[in-house]
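Undergrad: I am sharing model.tsv, which consists of TSV, C-alpha atoms:
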```
chain	number	residue	atom	x	y	z
S	1	LEU	CA	-2.31	-9.45	5.56
S	2	PHE	CA	-5.69	-9.58	7.29
S	3	LEU	CA	-5.52	-5.89	8.20
S	4	ILE	CA	-5.00	-4.91	4.56
S	5	LEU	CA	-7.85	-7.18	3.49
S	6	GLY	CA	-9.96	-5.56	6.19
S	7	LEU	CA	-9.07	-2.13	4.84
S	8	MET	CA	-10.22	-3.26	1.41
S	9	VAL	CA	-13.45	-5.00	2.42
S	10	ILE	CA	-14.62	-4.21	5.95
S	11	VAL	CA	-14.04	-0.45	5.92
S	12	PRO	CA	-16.28	0.21	2.88
S	13	ILE	CA	-19.03	-1.88	4.51
S	14	LEU	CA	-18.75	0.16	7.70
S	15	GLN	CA	-19.16	3.34	5.69
S	16	ARG	CA	-22.93	2.98	5.98
S	17	PHE	CA	-22.81	2.86	9.77
S	18	ALA	CA	-20.03	5.15	10.97
S	19	ALA	CA	-17.49	7.78	10.01
S	20	ILE	CA	-15.47	6.08	7.29
S	21	ARG	CA	-12.40	8.28	7.68
S	22	LEU	CA	-11.93	7.32	11.33
S	23	PHE	CA	-12.06	3.60	10.51
S	24	ILE	CA	-9.58	4.06	7.66
S	25	ASP	CA	-7.14	5.85	9.95
S	26	ILE	CA	-7.51	3.16	12.63
S	27	PHE	CA	-6.83	0.40	10.10
S	28	LEU	CA	-3.87	2.29	8.62
S	29	THR	CA	-2.41	2.83	12.07
S	30	ALA	CA	-2.66	-0.89	12.85
S	31	ILE	CA	-1.18	-1.78	9.45
S	32	PHE	CA	1.79	0.57	9.84
S	33	VAL	CA	2.51	-0.57	13.39
S	34	SER	CA	2.49	-4.21	12.28
S	35	MET	CA	4.71	-3.41	9.28
S	36	VAL	CA	7.44	-2.08	11.56
S	37	TYR	CA	8.00	-5.67	12.73
S	38	THR	CA	8.84	-6.82	9.19
S	39	PHE	CA	12.14	-4.96	9.16
S	40	SER	CA	15.44	-6.69	9.64
S	41	TYR	CA	17.15	-6.37	12.96
S	42	LYS	CA	19.62	-3.80	11.61
S	43	LYS	CA	19.28	-0.81	13.88
S	44	VAL	CA	19.43	1.77	11.10
S	45	HIS	CA	16.56	0.10	9.23
S	46	VAL	CA	14.40	-0.06	12.32
S	47	ILE	CA	15.07	3.59	13.21
S	48	ALA	CA	14.34	4.79	9.67
S	49	GLY	CA	11.20	2.68	9.49
S	50	VAL	CA	9.86	3.86	12.83
S	51	PHE	CA	10.58	7.50	11.93
S	52	LEU	CA	8.75	7.25	8.59
S	53	ALA	CA	5.82	5.42	10.19
S	54	ILE	CA	5.52	8.11	12.87
S	55	VAL	CA	5.59	10.89	10.27
S	56	MET	CA	2.91	9.19	8.21
S	57	LEU	CA	0.64	8.40	11.16
S	58	ALA	CA	1.12	11.86	12.65
S	59	SER	CA	0.02	13.42	9.37
S	60	LEU	CA	-3.18	11.36	9.51
S	61	TRP	CA	-4.17	12.09	13.08
S	62	LEU	CA	-3.11	15.75	13.07
S	63	GLN	CA	-5.74	16.35	10.39
S	64	TYR	CA	-8.39	16.06	13.11
S	65	LEU	CA	-6.75	18.89	15.07
S	66	ASP	CA	-5.33	21.08	12.30
S	67	PRO	CA	-6.36	20.19	8.72
S	68	ASN	CA	-3.26	21.76	7.18
S	69	LYS	CA	-3.07	21.00	3.46
S	70	TRP	CA	0.73	20.57	3.57
S	71	ILE	CA	0.91	18.08	6.41
S	72	LEU	CA	-0.89	15.25	4.60
S	73	PRO	CA	1.27	15.25	1.42
S	74	ILE	CA	4.39	14.91	3.57
S	75	GLY	CA	2.76	11.99	5.37
S	76	MET	CA	1.76	10.33	2.10
S	77	LEU	CA	5.31	10.63	0.77
S	78	ALA	CA	6.67	9.18	4.03
S	79	GLY	CA	4.15	6.36	3.63
S	80	VAL	CA	5.41	5.59	0.12
S	81	ILE	CA	9.02	5.40	1.31
S	82	PHE	CA	8.07	3.35	4.38
S	83	ILE	CA	6.05	0.79	2.42
S	84	SER	CA	8.88	0.57	-0.14
S	85	MET	CA	11.25	-0.34	2.69
S	86	VAL	CA	8.83	-2.98	3.95
S	87	ILE	CA	8.48	-4.41	0.44
S	88	ALA	CA	12.28	-4.60	0.13
S	89	SER	CA	12.45	-6.40	3.48
S	90	ILE	CA	9.82	-8.94	2.40
S	91	ILE	CA	11.56	-9.50	-0.95
S	92	SER	CA	14.76	-10.25	0.96
S	93	LEU	CA	12.87	-12.74	3.13
S	94	ILE	CA	11.36	-14.51	0.13
S	95	HIS	CA	14.65	-14.52	-1.78
S	96	THR	CA	16.56	-16.16	1.06
S	97	SER	CA	13.94	-18.88	1.60
S	98	GLU	CA	15.13	-22.30	0.57
S	99	GLU	CA	11.74	-24.00	0.42
S	100	ILE	CA	8.11	-23.19	-0.16
S	101	CYS	CA	6.28	-22.92	3.14
S	102	ARG	CA	3.15	-21.21	4.36
S	103	GLU	CA	5.05	-18.09	5.43
S	104	VAL	CA	6.60	-17.67	1.97
S	105	ILE	CA	3.21	-17.92	0.26
S	106	TYR	CA	1.71	-15.40	2.70
S	107	ALA	CA	4.69	-13.11	2.09
S	108	ALA	CA	4.20	-13.30	-1.69
S	109	ILE	CA	0.51	-12.40	-1.34
S	110	LEU	CA	1.29	-9.63	1.12
S	111	LEU	CA	3.90	-8.20	-1.22
S	112	TYR	CA	1.32	-7.79	-3.98
S	113	LEU	CA	-1.19	-6.09	-1.66
S	114	LEU	CA	1.47	-3.81	-0.19
S	115	ALA	CA	2.55	-2.74	-3.66
S	116	ALA	CA	-1.03	-1.69	-4.45
S	117	LEU	CA	-1.25	0.15	-1.13
S	118	MET	CA	2.02	1.94	-1.83
S	119	TRP	CA	0.73	3.15	-5.20
S	120	ALA	CA	-2.46	4.36	-3.50
S	121	PHE	CA	-0.32	6.54	-1.25
S	122	MET	CA	1.59	7.77	-4.31
S	123	TYR	CA	-1.59	8.72	-6.17
S	124	THR	CA	-2.94	10.47	-3.09
S	125	PHE	CA	0.30	12.43	-2.86
S	126	LEU	CA	0.06	13.43	-6.52
S	127	GLU	CA	-3.53	14.59	-6.17
S	128	LEU	CA	-2.72	16.58	-3.03
S	129	VAL	CA	0.20	18.47	-4.62
S	130	ASP	CA	-1.49	18.77	-8.03
S	131	PRO	CA	-5.31	18.56	-7.75
S	132	ALA	CA	-5.67	18.20	-11.52
S	133	SER	CA	-3.76	14.89	-11.70
S	134	PHE	CA	-6.84	12.66	-11.97
S	135	ASN	CA	-10.34	12.91	-13.36
S	136	VAL	CA	-12.25	11.89	-10.26
S	137	ASP	CA	-14.95	13.21	-7.95
S	138	LEU	CA	-13.34	13.13	-4.52
S	139	ASN	CA	-15.33	12.88	-1.29
S	140	ARG	CA	-13.37	15.06	1.11
S	141	SER	CA	-15.24	13.73	4.17
S	142	ALA	CA	-13.85	10.25	3.54
S	143	GLY	CA	-10.49	11.50	2.37
S	144	TYR	CA	-8.55	10.82	-0.82
S	145	LEU	CA	-6.93	7.52	0.15
S	146	PRO	CA	-10.02	5.23	-0.21
S	147	VAL	CA	-10.58	6.52	-3.74
S	148	PHE	CA	-6.99	5.95	-4.80
S	149	GLN	CA	-6.83	2.63	-3.00
S	150	TYR	CA	-9.66	1.49	-5.26
S	151	TYR	CA	-7.94	3.00	-8.31
S	152	SER	CA	-4.63	1.38	-7.39
S	153	PHE	CA	-6.06	-2.14	-7.10
S	154	VAL	CA	-7.98	-1.69	-10.35
S	155	THR	CA	-4.77	-0.53	-12.03
S	156	ILE	CA	-2.39	-3.17	-10.65
S	157	THR	CA	-4.77	-5.91	-11.79
S	158	THR	CA	-5.24	-4.11	-15.16
S	159	LEU	CA	-9.03	-4.14	-14.85
S	160	GLY	CA	-9.24	-0.53	-15.97
S	161	TYR	CA	-12.90	0.31	-15.34
S	162	GLY	CA	-12.36	3.87	-16.54
S	163	ASP	CA	-14.32	5.65	-13.83
S	164	ILE	CA	-11.06	7.24	-12.62
S	165	THR	CA	-8.54	8.33	-15.20
S	166	PRO	CA	-5.10	9.98	-14.96
S	167	ILE	CA	-4.83	13.38	-16.61
S	168	THR	CA	-1.30	14.70	-16.13
S	169	ASP	CA	1.73	13.05	-17.71
S	170	VAL	CA	3.13	12.16	-14.27
S	171	ALA	CA	-0.12	10.48	-13.20
S	172	LYS	CA	-0.28	8.56	-16.50
S	173	ALA	CA	3.35	7.45	-16.16
S	174	PHE	CA	2.85	6.14	-12.61
S	175	SER	CA	-0.38	4.38	-13.60
S	176	VAL	CA	1.32	2.61	-16.50
S	177	LEU	CA	4.30	1.72	-14.30
S	178	GLU	CA	2.05	0.19	-11.65
S	179	ALA	CA	0.16	-1.89	-14.24
S	180	VAL	CA	3.40	-3.19	-15.79
S	181	ILE	CA	5.02	-3.97	-12.43
S	182	GLY	CA	1.84	-5.69	-11.23
S	183	GLN	CA	1.74	-8.02	-14.20
S	184	LEU	CA	5.47	-8.71	-14.15
S	185	TYR	CA	5.29	-9.53	-10.45
S	186	LEU	CA	2.55	-12.10	-11.00
S	187	VAL	CA	4.50	-13.79	-13.79
S	188	VAL	CA	7.83	-13.77	-11.91
S	189	ALA	CA	6.33	-14.72	-8.51
S	190	VAL	CA	4.32	-17.64	-9.88
S	191	ALA	CA	7.29	-18.89	-11.93
S	192	TRP	CA	9.57	-18.63	-8.88
S	193	LEU	CA	7.13	-20.40	-6.56
S	194	VAL	CA	6.58	-23.21	-9.08
S	195	GLY	CA	10.33	-23.53	-9.60
S	196	MET	CA	10.98	-23.70	-5.86
S	197	HIS	CA	8.21	-26.25	-5.41
S	198	VAL	CA	9.55	-28.48	-8.20
S	199	SER	CA	13.08	-28.14	-6.82
S	200	SER	CA	12.01	-29.12	-3.31
S	201	LYS	CA	10.05	-32.12	-4.62
S	202	SER	CA	13.02	-33.37	-6.66
S	203	LYS	CA	15.32	-33.42	-3.65
S	204	PRO	CA	15.80	-36.92	-2.15
```
Show me, as structure tokens, the structure contained in the file I just sent.
TA:
Amino acid sequence: LFLILGLMVIVPILQRFAAIRLFIDIFLTAIFVSMVYTFSYKKVHVIAGVFLAIVMLASLWLQYLDPNKWILPIGMLAGVIFISMVIASIISLIHTSEEICREVIYAAILLYLLAALMWAFMYTFLELVDPASFNVDLNRSAGYLPVFQYYSFVTITTLGYGDITPITDVAKAFSVLEAVIGQLYLVVAVAWLVGMHVSSKSKP
């Protein structure tokens, strides 16, 4: 949770003092390593998660050695699948909880932030495979991900500043889907948490 918040807040501040792309990759590496621990203890889940995390992280760090334009899209797609698996694992944790505790609240917050991060990876993938997907001026030195991380959080919260806009039908469809899912999640999550809290208070 704190690593994702750091990626959102600290990394842009550090942009004035150091190479932003390196800090982003360091934060993403720490985030992905920590996310591996959220999986269930089923061996197949752990193996699949570790494999996807390695593919994603390898695509990031190999860019410093060989900036191949096809390596990064594969990594972004692996990142989308990996984060989706983590989200499913957290949903299972929340669903099986019988009472509202600090961990459940943290998990609900983390789920929302992870969803936005997953969409950022998806938008980056779309722009890499089809550079005309969004109307945006991309800074290649910083990479695509910071731009689409910003766009993703603006979209999931339905702020819609309009400085970045989807152009292709696929980009528009994913943007709409993220906005709808983001709002539905807030309504469902809040209703569920309130219901659980009321239920726990009514128990003798």
Undergrad: Name the closest residue to S:Ala108 among the candidates S:Ile13, S:Val154, S:Ile164, S:Ile87; distances are taken between atoms, counting only C-alpha atoms.
TA: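 Looking at the shortest contact to S:Ala108, the residue is S:Ile87.
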Undergrad: Which neighbours of S:Val55 fall inside 7 Å, counting all atoms listed in the file, when residues of the same chain fewer than 4 positions from it are skipped, and could you give them as a PyMOL selection string?
TA: chain S and resi 51+59+75+78
Undergrad: Applying 9 Å and all atoms listed in the file, which residues near S:Leu1 remain after dropping the ones on its own chain fewer than 2 positions away? List them as a PDB file with C-alpha atoms, keeping the file's coordinate frame.
TA:
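Written file, part_2.pdb:
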```
ATOM      1  CA  LEU S   3      -5.520  -5.890   8.200  1.00  0.00           C
ATOM      2  CA  ILE S   4      -5.000  -4.910   4.560  1.00  0.00           C
ATOM      3  CA  LEU S   5      -7.850  -7.180   3.490  1.00  0.00           C
ATOM      4  CA  GLY S   6      -9.960  -5.560   6.190  1.00  0.00           C
ATOM      5  CA  ILE S  31      -1.180  -1.780   9.450  1.00  0.00           C
ATOM      6  CA  TYR S 106       1.710 -15.400   2.700  1.00  0.00           C
ATOM      7  CA  ALA S 107       4.690 -13.110   2.090  1.00  0.00           C
ATOM      8  CA  ILE S 109       0.510 -12.400  -1.340  1.00  0.00           C
ATOM      9  CA  LEU S 110       1.290  -9.630   1.120  1.00  0.00           C
ATOM     10  CA  LEU S 113      -1.190  -6.090  -1.660  1.00  0.00           C
ATOM     11  CA  LEU S 114       1.470  -3.810  -0.190  1.00  0.00           C
TER      12      LEU S 114
END
```
Undergrad: Would you list the contacts of S:Met85 as a PyMOL selection string, taking every protein, DNA or RNA residue within 12 Å and counting only C-alpha atoms, but skipping same-chain residues closer than 6 positions in sequence?
TA: chain S and resi 32+35-40+44-50+52-53+78-79+91-92+111+114-115+118
Undergrad: Would you export the selected residues with C-alpha atoms as a short mmCIF file (atom, residue, chain, number, x, y, z; two decimals), in the coordinates of the input, please?
TA:
```cif
data_model
loop_
_atom_site.label_atom_id
_atom_site.label_comp_id
_atom_site.auth_asym_id
_atom_site.auth_seq_id
_atom_site.Cartn_x
_atom_site.Cartn_y
_atom_site.Cartn_z
CA PHE S 32 1.79 0.57 9.84
CA MET S 35 4.71 -3.41 9.28
CA VAL S 36 7.44 -2.08 11.56
CA TYR S 37 8.00 -5.67 12.73
CA THR S 38 8.84 -6.82 9.19
CA PHE S 39 12.14 -4.96 9.16
CA SER S 40 15.44 -6.69 9.64
CA VAL S 44 19.43 1.77 11.10
CA HIS S 45 16.56 0.10 9.23
CA VAL S 46 14.40 -0.06 12.32
CA ILE S 47 15.07 3.59 13.21
CA ALA S 48 14.34 4.79 9.67
CA GLY S 49 11.20 2.68 9.49
CA VAL S 50 9.86 3.86 12.83
CA LEU S 52 8.75 7.25 8.59
CA ALA S 53 5.82 5.42 10.19
CA ALA S 78 6.67 9.18 4.03
CA GLY S 79 4.15 6.36 3.63
CA ILE S 91 11.56 -9.50 -0.95
CA SER S 92 14.76 -10.25 0.96
CA LEU S 111 3.90 -8.20 -1.22
CA LEU S 114 1.47 -3.81 -0.19
CA ALA S 115 2.55 -2.74 -3.66
CA MET S 118 2.02 1.94 -1.83
#
```
Undergrad: Between atom CA of S:Pro166 and atom CA of S:Ala116, measure the distance and give it in Å to one decimal.
TA: 16.2 Å
Undergrad: List the neighbours of S:Val190 out to 12 Å using only C-alpha atoms; skip same-chain residues closer than 3 positions along the sequence, and give me the result as a PyMOL selection string.
TA: chain S and resi 100+105+108-109+112+183-187+193-197
Undergrad: Between S:Asp163, S:Thr124, S:Leu117, S:Ser133, which residue has the minimum interatomic distance to S:Leu145, considering only C-alpha atoms?
TA: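 The closest residue to S:Leu145 is S:Thr124.
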Undergrad: Which one of S:Met122, S:Thr165, S:Thr157, S:His95 sits closest to S:Phe134 if you count all atoms listed in the file?
TA: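 With all atoms listed in the file as the atom set, the closest residue is S:Thr165.
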Undergrad: Please identify all polymer residues within 9 Å of S:Phe174, counting all atoms listed in the file, omitting same-chain residues fewer than 5 positions from it, and present them as a list in words.
TA: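 Here the qualifying residues turn out to be Trp119, Met122, Tyr123, Asp169 and Ala179 of chain S.
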Undergrad: Take every atom of stretch 111-121 of chain S listed in the file, fit an axis-aligned box around them, add 8 Å per side, and give the centre and edge lengths in Å to one decimal as JSON.
TA:
```
{"center_x": 0.7, "center_y": -0.8, "center_z": -2.7, "size_x": 22.4, "size_y": 30.7, "size_z": 21.0}
```
Undergrad: What is the atom CA of S:Glu98 to atom CA of S:Ala191 distance in Å?
TA: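 Rounded to one decimal, the two atoms are 15.1 Å apart.
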Undergrad: Rounded to one decimal in Å, what is the spacing between atom CA of S:Trp61 and atom CA of S:Val86?
TA: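 Between atom CA of S:Trp61 and atom CA of S:Val86 the gap is 21.9 Å.
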Undergrad: Find, counting all atoms listed in the file, the residue in S:Phe82, S:Ile54, S:Leu126, S:Glu99 that gets nearest to S:Ser199.
TA: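 When distances to S:Ser199 are compared using all atoms listed in the file, the smallest one comes from S:Glu99.
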Undergrad: I need the residue nearest S:Leu77 from this list: S:Val188, S:Leu62, S:Leu177, S:Val129. Use all atoms listed in the file for the distance.
TA: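 Residue with the minimum atom-to-atom distance to S:Leu77: S:Val129.
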Undergrad: Please produce stretch 100-111 of chain S, completed to all heavy atoms, as a PDB file, keeping the file's coordinate frame.
TA:
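Resulting contents of rebuild-v1.pdb:
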```pdb
ATOM      1  N   ILE S 100       9.442 -23.795  -0.162  1.00  0.00           N
ATOM      2  CA  ILE S 100       8.110 -23.190  -0.160  1.00  0.00           C
ATOM      3  C   ILE S 100       7.384 -23.616   1.114  1.00  0.00           C
ATOM      4  O   ILE S 100       7.170 -24.802   1.352  1.00  0.00           O
ATOM      5  CB  ILE S 100       7.294 -23.638  -1.383  1.00  0.00           C
ATOM      6  CG1 ILE S 100       7.997 -23.207  -2.664  1.00  0.00           C
ATOM      7  CG2 ILE S 100       5.901 -23.044  -1.323  1.00  0.00           C
ATOM      8  CD1 ILE S 100       8.131 -21.723  -2.814  1.00  0.00           C
ATOM      9  N   CYS S 101       7.038 -22.651   1.931  1.00  0.00           N
ATOM     10  CA  CYS S 101       6.280 -22.920   3.140  1.00  0.00           C
ATOM     11  C   CYS S 101       5.121 -21.929   3.217  1.00  0.00           C
ATOM     12  O   CYS S 101       4.983 -21.045   2.378  1.00  0.00           O
ATOM     13  CB  CYS S 101       7.168 -22.829   4.389  1.00  0.00           C
ATOM     14  SG  CYS S 101       7.938 -21.214   4.613  1.00  0.00           S
ATOM     15  N   ARG S 102       4.311 -22.070   4.224  1.00  0.00           N
ATOM     16  CA  ARG S 102       3.150 -21.210   4.360  1.00  0.00           C
ATOM     17  C   ARG S 102       3.531 -19.744   4.493  1.00  0.00           C
ATOM     18  O   ARG S 102       2.886 -18.869   3.914  1.00  0.00           O
ATOM     19  CB  ARG S 102       2.339 -21.654   5.592  1.00  0.00           C
ATOM     20  CG  ARG S 102       1.038 -20.902   5.788  1.00  0.00           C
ATOM     21  CD  ARG S 102       0.232 -21.518   6.895  1.00  0.00           C
ATOM     22  NE  ARG S 102       1.008 -21.589   8.134  1.00  0.00           N
ATOM     23  CZ  ARG S 102       0.603 -22.224   9.233  1.00  0.00           C
ATOM     24  NH1 ARG S 102      -0.560 -22.857   9.227  1.00  0.00           N
ATOM     25  NH2 ARG S 102       1.347 -22.239  10.326  1.00  0.00           N
ATOM     26  N   GLU S 103       4.623 -19.468   5.230  1.00  0.00           N
ATOM     27  CA  GLU S 103       5.050 -18.090   5.430  1.00  0.00           C
ATOM     28  C   GLU S 103       5.485 -17.440   4.119  1.00  0.00           C
ATOM     29  O   GLU S 103       5.228 -16.257   3.882  1.00  0.00           O
ATOM     30  CB  GLU S 103       6.191 -18.035   6.440  1.00  0.00           C
ATOM     31  CG  GLU S 103       5.783 -18.282   7.885  1.00  0.00           C
ATOM     32  CD  GLU S 103       5.489 -19.739   8.178  1.00  0.00           C
ATOM     33  OE1 GLU S 103       5.895 -20.590   7.355  1.00  0.00           O
ATOM     34  OE2 GLU S 103       4.872 -20.031   9.206  1.00  0.00           O
ATOM     35  N   VAL S 104       6.138 -18.201   3.256  1.00  0.00           N
ATOM     36  CA  VAL S 104       6.600 -17.670   1.970  1.00  0.00           C
ATOM     37  C   VAL S 104       5.414 -17.326   1.083  1.00  0.00           C
ATOM     38  O   VAL S 104       5.392 -16.285   0.409  1.00  0.00           O
ATOM     39  CB  VAL S 104       7.530 -18.675   1.269  1.00  0.00           C
ATOM     40  CG1 VAL S 104       7.837 -18.227  -0.157  1.00  0.00           C
ATOM     41  CG2 VAL S 104       8.824 -18.845   2.055  1.00  0.00           C
ATOM     42  N   ILE S 105       4.411 -18.176   1.070  1.00  0.00           N
ATOM     43  CA  ILE S 105       3.210 -17.920   0.260  1.00  0.00           C
ATOM     44  C   ILE S 105       2.482 -16.686   0.785  1.00  0.00           C
ATOM     45  O   ILE S 105       2.054 -15.820   0.009  1.00  0.00           O
ATOM     46  CB  ILE S 105       2.287 -19.147   0.271  1.00  0.00           C
ATOM     47  CG1 ILE S 105       2.978 -20.315  -0.442  1.00  0.00           C
ATOM     48  CG2 ILE S 105       0.956 -18.829  -0.408  1.00  0.00           C
ATOM     49  CD1 ILE S 105       2.226 -21.614  -0.360  1.00  0.00           C
ATOM     50  N   TYR S 106       2.339 -16.587   2.099  1.00  0.00           N
ATOM     51  CA  TYR S 106       1.710 -15.400   2.700  1.00  0.00           C
ATOM     52  C   TYR S 106       2.505 -14.146   2.348  1.00  0.00           C
ATOM     53  O   TYR S 106       1.925 -13.089   2.059  1.00  0.00           O
ATOM     54  CB  TYR S 106       1.623 -15.545   4.211  1.00  0.00           C
ATOM     55  CG  TYR S 106       0.563 -16.504   4.680  1.00  0.00           C
ATOM     56  CD1 TYR S 106       0.601 -17.038   5.963  1.00  0.00           C
ATOM     57  CD2 TYR S 106      -0.484 -16.884   3.854  1.00  0.00           C
ATOM     58  CE1 TYR S 106      -0.367 -17.928   6.410  1.00  0.00           C
ATOM     59  CE2 TYR S 106      -1.462 -17.761   4.287  1.00  0.00           C
ATOM     60  CZ  TYR S 106      -1.394 -18.286   5.565  1.00  0.00           C
ATOM     61  OH  TYR S 106      -2.359 -19.159   5.999  1.00  0.00           O
ATOM     62  N   ALA S 107       3.830 -14.256   2.402  1.00  0.00           N
ATOM     63  CA  ALA S 107       4.690 -13.110   2.090  1.00  0.00           C
ATOM     64  C   ALA S 107       4.516 -12.669   0.641  1.00  0.00           C
ATOM     65  O   ALA S 107       4.482 -11.463   0.348  1.00  0.00           O
ATOM     66  CB  ALA S 107       6.148 -13.451   2.372  1.00  0.00           C
ATOM     67  N   ALA S 108       4.386 -13.623  -0.271  1.00  0.00           N
ATOM     68  CA  ALA S 108       4.200 -13.300  -1.690  1.00  0.00           C
ATOM     69  C   ALA S 108       2.862 -12.593  -1.918  1.00  0.00           C
ATOM     70  O   ALA S 108       2.785 -11.628  -2.689  1.00  0.00           O
ATOM     71  CB  ALA S 108       4.274 -14.573  -2.531  1.00  0.00           C
ATOM     72  N   ILE S 109       1.827 -13.043  -1.233  1.00  0.00           N
ATOM     73  CA  ILE S 109       0.510 -12.400  -1.340  1.00  0.00           C
ATOM     74  C   ILE S 109       0.567 -10.997  -0.737  1.00  0.00           C
ATOM     75  O   ILE S 109       0.071 -10.026  -1.323  1.00  0.00           O
ATOM     76  CB  ILE S 109      -0.568 -13.241  -0.642  1.00  0.00           C
ATOM     77  CG1 ILE S 109      -0.724 -14.592  -1.337  1.00  0.00           C
ATOM     78  CG2 ILE S 109      -1.909 -12.502  -0.618  1.00  0.00           C
ATOM     79  CD1 ILE S 109      -1.608 -15.571  -0.584  1.00  0.00           C
ATOM     80  N   LEU S 110       1.186 -10.909   0.430  1.00  0.00           N
ATOM     81  CA  LEU S 110       1.290  -9.630   1.120  1.00  0.00           C
ATOM     82  C   LEU S 110       2.064  -8.613   0.291  1.00  0.00           C
ATOM     83  O   LEU S 110       1.723  -7.425   0.249  1.00  0.00           O
ATOM     84  CB  LEU S 110       1.973  -9.821   2.477  1.00  0.00           C
ATOM     85  CG  LEU S 110       2.159  -8.578   3.340  1.00  0.00           C
ATOM     86  CD1 LEU S 110       0.813  -7.950   3.677  1.00  0.00           C
ATOM     87  CD2 LEU S 110       2.908  -8.927   4.622  1.00  0.00           C
ATOM     88  N   LEU S 111       3.091  -9.073  -0.388  1.00  0.00           N
ATOM     89  CA  LEU S 111       3.900  -8.200  -1.220  1.00  0.00           C
ATOM     90  C   LEU S 111       3.072  -7.534  -2.307  1.00  0.00           C
ATOM     91  O   LEU S 111       3.195  -6.336  -2.572  1.00  0.00           O
ATOM     92  CB  LEU S 111       5.049  -9.010  -1.854  1.00  0.00           C
ATOM     93  CG  LEU S 111       6.203  -8.238  -2.472  1.00  0.00           C
ATOM     94  CD1 LEU S 111       6.883  -7.365  -1.438  1.00  0.00           C
ATOM     95  CD2 LEU S 111       7.193  -9.204  -3.084  1.00  0.00           C
TER      96      LEU S 111
END
```
